[in-house]
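**Q** Encoded as structure tokens, here's the structure I'll be asking about.
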Amino acid sequence: MLKTLCLLAGLLLTAAAHSGELVVIVSARSAVTALRTEQVAELFLAETARFPDGSEATAVDLMLGDPLREEFYRKVANRTPALMKAYWTKRIFTGRGQPPRELANSLAVRRLVAENPGMIGYIDRSALDAGVRAVLVVH
């Protein structure tokens, strides 16, 4: 019985840790108000370096191994961490791009994006504030 309760408590804690909504953000000073999943994927995969309005865009990532990063790439680019590693290895080797800069957590991403209208990132919805605008909610 105790073993079952411990297992159940562990499952609930794991679910609670991943219950937040993932949002893609830009600075509140950016002209961008909404993006489609495909547009976000193109920016984070360095297939384009511009927002739809033509302005420059620079993607910022969470650290490798962060569960939110893994969820983001799985849902936005349909790729696992192993596939992303292979993707960037090939892009770097062929001189066709560099992966986004990595930041430690959602708060660091939010701060940097808020200060730079040309940046785009993703964070847990609970980290939103008036300095950034959610342009895509990732389901």
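Quick note on naming: the chains in the structure tokens go A, B, ... in the order shown, residues restart at 1 in each chain, and ligands are numbered from 1 in order of appearance.
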Residues within 7 Å of range 46-61 of chain A, please, as a VMD selection string. Count only C-alpha atoms; anything in the same chain fewer than 4 positions from it doesn't count.
**A** chain A and resid 42 97 100 to 103 109 118 to 121
**Q** Which range 52-90 of chain A residues have any atom within 8 Å of an atom of range 17-37 of chain A, and for each, what is the nearest pair of atoms with distance in Å to one decimal, counting only C-alpha atoms, rows sorted by chain and number, as JSON lines?
**A**
```
{"residue": "A:Asp53", "atom": "CA", "partner": "A:Val32", "partner_atom": "CA", "distance": 7.6}
{"residue": "A:Leu68", "atom": "CA", "partner": "A:Leu22", "partner_atom": "CA", "distance": 7.5}
{"residue": "A:Phe72", "atom": "CA", "partner": "A:Leu22", "partner_atom": "CA", "distance": 7.4}
{"residue": "A:Val76", "atom": "CA", "partner": "A:Thr37", "partner_atom": "CA", "distance": 5.9}
```
**Q** From range 6-121 of chain A, collect each residue whose DSSP state is alpha helix (DSSP H) and return the set as a ChimeraX atom specification.
**A** /A:6-17,37-44,67-76,81-93,106-115
**Q** Next, dump the selected residues to file, keeping only N, CA and C atoms, as a compact mmCIF listing (two decimals), in the first residue's frame.
**A**
```txt
# COMPACT_ATOMS: atom_id res chain seq x y z
N CYS A 6 3.42 5.90 -2.75
CA CYS A 6 4.63 6.61 -3.14
C CYS A 6 4.72 6.72 -4.66
N LEU A 7 4.39 5.65 -5.35
CA LEU A 7 4.40 5.66 -6.80
C LEU A 7 3.39 6.67 -7.34
N LEU A 8 2.20 6.67 -6.78
CA LEU A 8 1.16 7.61 -7.20
C LEU A 8 1.59 9.05 -6.94
N ALA A 9 2.18 9.31 -5.78
CA ALA A 9 2.64 10.66 -5.44
C ALA A 9 3.72 11.10 -6.43
N GLY A 10 4.62 10.20 -6.78
CA GLY A 10 5.66 10.52 -7.75
C GLY A 10 5.09 10.86 -9.11
N LEU A 11 4.09 10.11 -9.53
CA LEU A 11 3.45 10.39 -10.82
C LEU A 11 2.74 11.74 -10.81
N LEU A 12 2.09 12.05 -9.71
CA LEU A 12 1.40 13.34 -9.61
C LEU A 12 2.39 14.50 -9.62
N LEU A 13 3.51 14.35 -8.94
CA LEU A 13 4.53 15.40 -8.94
C LEU A 13 5.11 15.60 -10.33
N THR A 14 5.35 14.52 -11.04
CA THR A 14 5.87 14.60 -12.40
C THR A 14 4.86 15.31 -13.30
N ALA A 15 3.60 14.96 -13.18
CA ALA A 15 2.56 15.60 -13.99
C ALA A 15 2.47 17.09 -13.65
N ALA A 16 2.56 17.43 -12.38
CA ALA A 16 2.48 18.84 -11.97
C ALA A 16 3.66 19.63 -12.52
N ALA A 17 4.83 19.01 -12.58
CA ALA A 17 6.02 19.70 -13.08
C ALA A 17 5.88 20.02 -14.56
N THR A 37 2.87 27.64 -36.02
CA THR A 37 3.85 26.66 -35.58
C THR A 37 4.97 26.50 -36.61
N GLU A 38 4.62 26.44 -37.90
CA GLU A 38 5.61 26.26 -38.96
C GLU A 38 6.60 27.43 -38.99
N GLN A 39 6.10 28.65 -38.78
CA GLN A 39 6.97 29.82 -38.79
C GLN A 39 7.96 29.78 -37.63
N VAL A 40 7.48 29.35 -36.47
CA VAL A 40 8.34 29.23 -35.30
C VAL A 40 9.41 28.17 -35.54
N ALA A 41 9.01 27.03 -36.09
CA ALA A 41 9.97 25.96 -36.38
C ALA A 41 11.06 26.47 -37.32
N GLU A 42 10.69 27.20 -38.37
CA GLU A 42 11.67 27.73 -39.32
C GLU A 42 12.68 28.65 -38.64
N LEU A 43 12.22 29.45 -37.69
CA LEU A 43 13.12 30.35 -36.97
C LEU A 43 14.08 29.57 -36.07
N PHE A 44 13.57 28.59 -35.35
CA PHE A 44 14.42 27.84 -34.42
C PHE A 44 15.31 26.82 -35.10
N PRO A 67 13.55 19.85 -19.76
CA PRO A 67 12.32 19.21 -20.23
C PRO A 67 11.45 20.12 -21.10
N LEU A 68 11.45 21.41 -20.84
CA LEU A 68 10.67 22.34 -21.64
C LEU A 68 11.23 22.43 -23.07
N ARG A 69 12.55 22.38 -23.18
CA ARG A 69 13.19 22.39 -24.50
C ARG A 69 12.80 21.13 -25.28
N GLU A 70 12.85 20.00 -24.62
CA GLU A 70 12.50 18.75 -25.28
C GLU A 70 11.04 18.78 -25.75
N GLU A 71 10.15 19.30 -24.90
CA GLU A 71 8.74 19.41 -25.26
C GLU A 71 8.56 20.37 -26.45
N PHE A 72 9.27 21.49 -26.40
CA PHE A 72 9.18 22.49 -27.48
C PHE A 72 9.53 21.87 -28.83
N TYR A 73 10.69 21.23 -28.92
CA TYR A 73 11.12 20.68 -30.20
C TYR A 73 10.26 19.49 -30.64
N ARG A 74 9.76 18.73 -29.69
CA ARG A 74 8.88 17.61 -30.03
C ARG A 74 7.58 18.13 -30.64
N LYS A 75 7.02 19.19 -30.04
CA LYS A 75 5.72 19.69 -30.50
C LYS A 75 5.81 20.68 -31.66
N VAL A 76 6.87 21.46 -31.74
CA VAL A 76 6.98 22.48 -32.78
C VAL A 76 7.70 21.95 -34.03
N PRO A 81 15.44 15.00 -28.96
CA PRO A 81 16.77 15.57 -28.72
C PRO A 81 17.84 14.94 -29.63
N ALA A 82 17.76 13.64 -29.86
CA ALA A 82 18.75 12.97 -30.72
C ALA A 82 18.65 13.48 -32.17
N LEU A 83 17.43 13.66 -32.66
CA LEU A 83 17.26 14.19 -34.01
C LEU A 83 17.74 15.64 -34.11
N MET A 84 17.53 16.42 -33.05
CA MET A 84 18.01 17.80 -33.05
C MET A 84 19.54 17.84 -33.06
N LYS A 85 20.17 16.95 -32.32
CA LYS A 85 21.64 16.90 -32.30
C LYS A 85 22.16 16.58 -33.70
N ALA A 86 21.56 15.61 -34.35
CA ALA A 86 21.97 15.24 -35.71
C ALA A 86 21.73 16.41 -36.68
N TYR A 87 20.62 17.09 -36.53
CA TYR A 87 20.28 18.22 -37.39
C TYR A 87 21.34 19.30 -37.29
N TRP A 88 21.69 19.69 -36.05
CA TRP A 88 22.66 20.77 -35.88
C TRP A 88 24.07 20.34 -36.26
N THR A 89 24.41 19.10 -36.03
CA THR A 89 25.73 18.61 -36.45
C THR A 89 25.88 18.78 -37.96
N LYS A 90 24.86 18.40 -38.70
CA LYS A 90 24.89 18.51 -40.16
C LYS A 90 24.92 19.98 -40.60
N ARG A 91 24.08 20.82 -39.98
CA ARG A 91 24.02 22.24 -40.36
C ARG A 91 25.36 22.93 -40.10
N ILE A 92 25.96 22.64 -38.95
CA ILE A 92 27.25 23.26 -38.61
C ILE A 92 28.33 22.77 -39.58
N PHE A 93 28.38 21.47 -39.83
CA PHE A 93 29.38 20.87 -40.71
C PHE A 93 29.30 21.45 -42.12
N SER A 106 13.56 29.79 -18.02
CA SER A 106 12.52 30.63 -18.62
C SER A 106 12.66 32.10 -18.24
N LEU A 107 13.08 32.36 -17.01
CA LEU A 107 13.23 33.76 -16.59
C LEU A 107 14.34 34.46 -17.37
N ALA A 108 15.44 33.77 -17.61
CA ALA A 108 16.55 34.35 -18.39
C ALA A 108 16.11 34.59 -19.83
N VAL A 109 15.37 33.65 -20.40
CA VAL A 109 14.85 33.81 -21.76
C VAL A 109 13.91 35.02 -21.81
N ARG A 110 13.00 35.08 -20.86
CA ARG A 110 12.03 36.19 -20.84
C ARG A 110 12.75 37.54 -20.75
N ARG A 111 13.73 37.65 -19.87
CA ARG A 111 14.46 38.92 -19.70
C ARG A 111 15.16 39.34 -21.00
N LEU A 112 15.88 38.40 -21.62
CA LEU A 112 16.63 38.74 -22.83
C LEU A 112 15.69 39.10 -23.98
N VAL A 113 14.62 38.34 -24.16
CA VAL A 113 13.65 38.62 -25.22
C VAL A 113 12.96 39.95 -24.98
N ALA A 114 12.60 40.25 -23.74
CA ALA A 114 11.93 41.52 -23.41
C ALA A 114 12.81 42.71 -23.81
N GLU A 115 14.12 42.58 -23.64
CA GLU A 115 15.06 43.67 -23.92
C GLU A 115 15.39 43.81 -25.40
```
**Q** List every residue of chain A that DSSP, applied to the backbone of this structure, assigns to strand (DSSP E), and report them as a ChimeraX atom specification.
**A** /A:22-27,58-62,101-103,119-124,132-138
**Q** Between CA of Gln98 in chain A and CA of Asn116 in chain A, what is the distance in Å, rounded to a tenth?
**A** 19.4 Å
